[in-house]
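Novice: What follows is a single structure, and I will ask about it in a moment.
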Amino acid sequence: NMDVISLGELIAEFVRVHRGVMHDVADLYMGPFPSGAPAITIDSAARLGLNAGFIGVVGNDDFGHMIINRLRRDGVDTLRVIIDNDSITGLAFVAYDQSGSRRFVFNLKWSSSAKLTPSLINPDYFTGVRVLHVSGSTMYIGKGPRDACIKAMSEARRRGVLVSYDPNVRVELMSINDTRELFLNSLRLVNVLLISEEEVNVLMGGGGALENAIKLLNKGPEIIVVKRGVNGSFAVSRGNQYHEEYAFEVNEVDPTGAGDVFNAAFIYGYLKGWGINQILKFANAAAAIKVTRMGPMEGPGGINEVLELMRKGKQRGVK
Ligand code: ATP
């Protein structure tokens, strides 16, 4: 029986080697790295030790095989990953400007990832599953992937499977207004909302993250977890219970994927029944390890690495 399943885009990602070099000039990219927000979360969950499975589509090309092989090697069930002969695996190119903010070039709307449809969601796959994790980024690719996510979430809720959701806003794929509408409409199907501070403020139309998170508690989720980059994370749950943990001090190399690794670690701790502060600290540590490495899926190889950073590492702001 699966602990956690997910669905969505499987991507080959290329990362600029030099900071401050954007996509409009000739310079080095490193990669391909296996990527795709929901794939990063599921692969990280498997490496932490959860039974994990994935539903998605790749092309019958070297990138597609690279991603499937990687998921398999890490223990993810890939029986429901389709290899499609008539499309090419999704692509992403990432560059950081001098301030560390990020620009993406995506080929997703015309890729294998766009071929995910509700017909690929077999409700039998949900039997005995404990968590379904959905990334909003999948929904922005097109109608097929969007309907597949909604079907998956509905089937999960019908069966008492916990739904975790990260909106993973992608302005390159969908306008903020459309993203906001989709987000607000999806919330009734969500148990655990995992969201970045920037996203919660943009989607709620300004204001502070805590105030916005509290507002969202009335719209479906039983817990709202807000990721704050170098400032760590906080969570609010029903009854306005507030918990926060500082980030770990690490050398930032490539922060892309940190949020998705955080999600995997949060799901891990939540399933173990840990206290919320312990879960946040664990997830901050797992994400911090990811930040130190090139490649979005290159986070912690196992739970011991995370526990070691929790023991030996320093949290910013904690003496
Ligand atoms: P992404 O979309 O790139 O996957 P995100 O925007 O969803 O990430 P962030 O808030 O940037 O999420 O990062 C997620 C978590 O990673 C943070 O809550 C924090 O624990 C950790 N983290 C991110 N950046 C750093 C950093 N520079 N140092 C330490 N921890 C970090």
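By order in the structure tokens, chains are A, B, ...; within a chain, residues start at 1; ligands start at 1, following the order shown.
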List the neighbours of Phe106 of chain A out to 9 Å using only C-alpha atoms; skip same-chain residues closer than 4 positions along the sequence, and give me the result as a PyMOL selection string.

Specialist: chain A and resi 90-94+172-173

Novice: Just write the chosen residues, N, CA and C atoms, as an mmCIF file, in the first residue's frame.

Specialist:
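This is the output file result.cif:
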data_model
loop_
_atom_site.group_PDB
_atom_site.id
_atom_site.type_symbol
_atom_site.label_atom_id
_atom_site.label_comp_id
_atom_site.auth_asym_id
_atom_site.auth_seq_id
_atom_site.Cartn_x
_atom_site.Cartn_y
_atom_site.Cartn_z
ATOM 1 N N GLY A 90 8.802 17.284 -21.270
ATOM 2 C CA GLY A 90 8.788 18.691 -20.879
ATOM 3 C C GLY A 90 10.181 19.201 -20.534
ATOM 4 N N LEU A 91 10.409 20.496 -20.823
ATOM 5 C CA LEU A 91 11.722 21.104 -20.603
ATOM 6 C C LEU A 91 11.599 22.379 -19.788
ATOM 7 N N ALA A 92 12.588 22.618 -18.934
ATOM 8 C CA ALA A 92 12.653 23.881 -18.194
ATOM 9 C C ALA A 92 14.094 24.365 -18.149
ATOM 10 N N PHE A 93 14.263 25.668 -18.282
ATOM 11 C CA PHE A 93 15.575 26.310 -18.176
ATOM 12 C C PHE A 93 15.471 27.352 -17.065
ATOM 13 N N VAL A 94 16.415 27.311 -16.125
ATOM 14 C CA VAL A 94 16.380 28.208 -14.967
ATOM 15 C C VAL A 94 17.612 29.092 -14.951
ATOM 16 N N GLU A 172 4.677 32.222 -15.879
ATOM 17 C CA GLU A 172 5.007 31.931 -17.285
ATOM 18 C C GLU A 172 3.903 31.100 -17.939
ATOM 19 N N LEU A 173 3.084 30.417 -17.132
ATOM 20 C CA LEU A 173 2.089 29.488 -17.673
ATOM 21 C C LEU A 173 0.656 29.977 -17.516
#

Novice: Could you name the residues that touch segment 20-22 of chain A at 8 Å or less, counting only C-alpha atoms, but leaving out those on the same chain fewer than 4 positions away, as a PyMOL selection string?

Specialist: chain A and resi 16+27+95-98+103

Novice: Restricted to N, CA and C atoms, what would the selected residues look like written as a tab-separated table (two decimals), in the first residue's frame?

Specialist:
chain	number	residue	atom	x	y	z
A	16	ARG	N	21.40	27.48	-15.21
A	16	ARG	CA	22.55	28.31	-15.52
A	16	ARG	C	23.65	28.11	-14.47
A	27	ASP	N	25.95	30.95	-22.82
A	27	ASP	CA	26.78	30.58	-21.67
A	27	ASP	C	26.41	29.16	-21.24
A	95	ALA	N	17.41	30.39	-14.69
A	95	ALA	CA	18.54	31.31	-14.48
A	95	ALA	C	18.25	32.18	-13.27
A	96	TYR	N	19.29	32.53	-12.53
A	96	TYR	CA	19.16	33.45	-11.39
A	96	TYR	C	19.79	34.78	-11.76
A	97	ASP	N	19.11	35.88	-11.44
A	97	ASP	CA	19.77	37.17	-11.63
A	97	ASP	C	20.62	37.48	-10.40
A	98	GLN	N	21.29	38.64	-10.42
A	98	GLN	CA	22.25	38.94	-9.34
A	98	GLN	C	21.59	38.94	-7.97
A	103	ARG	N	14.37	33.27	-13.24
A	103	ARG	CA	13.55	33.27	-14.46
A	103	ARG	C	13.56	31.87	-15.07

Novice: When DSSP is applied to the backbone of this structure, which of segment 34-148 of chain A are assigned strand (DSSP E or B)? Write them out as a VMD selection string.

Specialist: chain A and resid 34 to 35 52 to 59 77 to 84 90 to 96 102 to 107 131 to 135

Novice: Restricting it to C-alpha atoms, dump the selection as an mmCIF file, in the first residue's frame.

Specialist:
data_model
loop_
_atom_site.group_PDB
_atom_site.id
_atom_site.type_symbol
_atom_site.label_atom_id
_atom_site.label_comp_id
_atom_site.auth_asym_id
_atom_site.auth_seq_id
_atom_site.Cartn_x
_atom_site.Cartn_y
_atom_site.Cartn_z
ATOM 1 C CA PRO A 34 15.136 15.332 -13.455
ATOM 2 C CA SER A 35 12.485 17.830 -12.363
ATOM 3 C CA ALA A 52 5.428 6.483 -3.140
ATOM 4 C CA GLY A 53 3.873 6.332 -6.600
ATOM 5 C CA PHE A 54 3.462 8.704 -9.529
ATOM 6 C CA ILE A 55 1.081 9.239 -12.458
ATOM 7 C CA GLY A 56 2.413 11.169 -15.469
ATOM 8 C CA VAL A 57 3.582 11.173 -19.078
ATOM 9 C CA VAL A 58 7.072 11.405 -20.582
ATOM 10 C CA GLY A 59 8.242 11.279 -24.170
ATOM 11 C CA ASP A 77 6.309 3.191 -8.319
ATOM 12 C CA THR A 78 6.274 4.271 -11.983
ATOM 13 C CA LEU A 79 3.778 1.715 -13.350
ATOM 14 C CA ARG A 80 1.434 4.613 -14.081
ATOM 15 C CA VAL A 81 3.971 6.752 -15.885
ATOM 16 C CA ILE A 82 3.156 6.538 -19.589
ATOM 17 C CA ILE A 83 5.871 6.706 -22.252
ATOM 18 C CA ASP A 84 4.320 8.579 -25.186
ATOM 19 C CA GLY A 90 8.788 18.691 -20.879
ATOM 20 C CA LEU A 91 11.722 21.104 -20.603
ATOM 21 C CA ALA A 92 12.653 23.881 -18.194
ATOM 22 C CA PHE A 93 15.575 26.310 -18.176
ATOM 23 C CA VAL A 94 16.380 28.208 -14.967
ATOM 24 C CA ALA A 95 18.538 31.309 -14.480
ATOM 25 C CA TYR A 96 19.155 33.451 -11.391
ATOM 26 C CA ARG A 102 14.663 33.416 -10.855
ATOM 27 C CA ARG A 103 13.552 33.268 -14.465
ATOM 28 C CA PHE A 104 12.178 30.163 -16.155
ATOM 29 C CA VAL A 105 11.794 29.227 -19.799
ATOM 30 C CA PHE A 106 9.358 26.320 -20.041
ATOM 31 C CA ASN A 107 8.297 24.005 -22.813
ATOM 32 C CA VAL A 131 -1.809 11.144 1.035
ATOM 33 C CA LEU A 132 -2.363 12.542 -2.457
ATOM 34 C CA HIS A 133 -0.027 15.453 -3.200
ATOM 35 C CA VAL A 134 -1.031 17.892 -5.973
ATOM 36 C CA SER A 135 0.981 20.777 -7.395
#

Novice: Check which residues fall inside 7 Å of ligand 1 when counting only C-alpha atoms and all ligand atoms, and print them as an MDAnalysis selection string.

Specialist: chainID A and resid 168 195:197 227:233 247:252 255:260 262 283:285 287:288 291

Novice: Could you work out how far atom CA of Asn277 of chain A lies from atom CA of Val318 of chain A, giving the answer in Å with one decimal?

Specialist: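 Computed distance, atom CA of Val318 of chain A to atom CA of Asn277 of chain A, equals 14.1 Å.
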
Novice: For segment 113-116 of chain A, find every residue with an atom within 9 Å (counting only C-alpha atoms), except residues of its own chain fewer than 4 positions away, and show them as a PyMOL selection string.

Specialist: chain A and resi 7-11+55-59+84+87-90+108-109+120-121+138+141-148
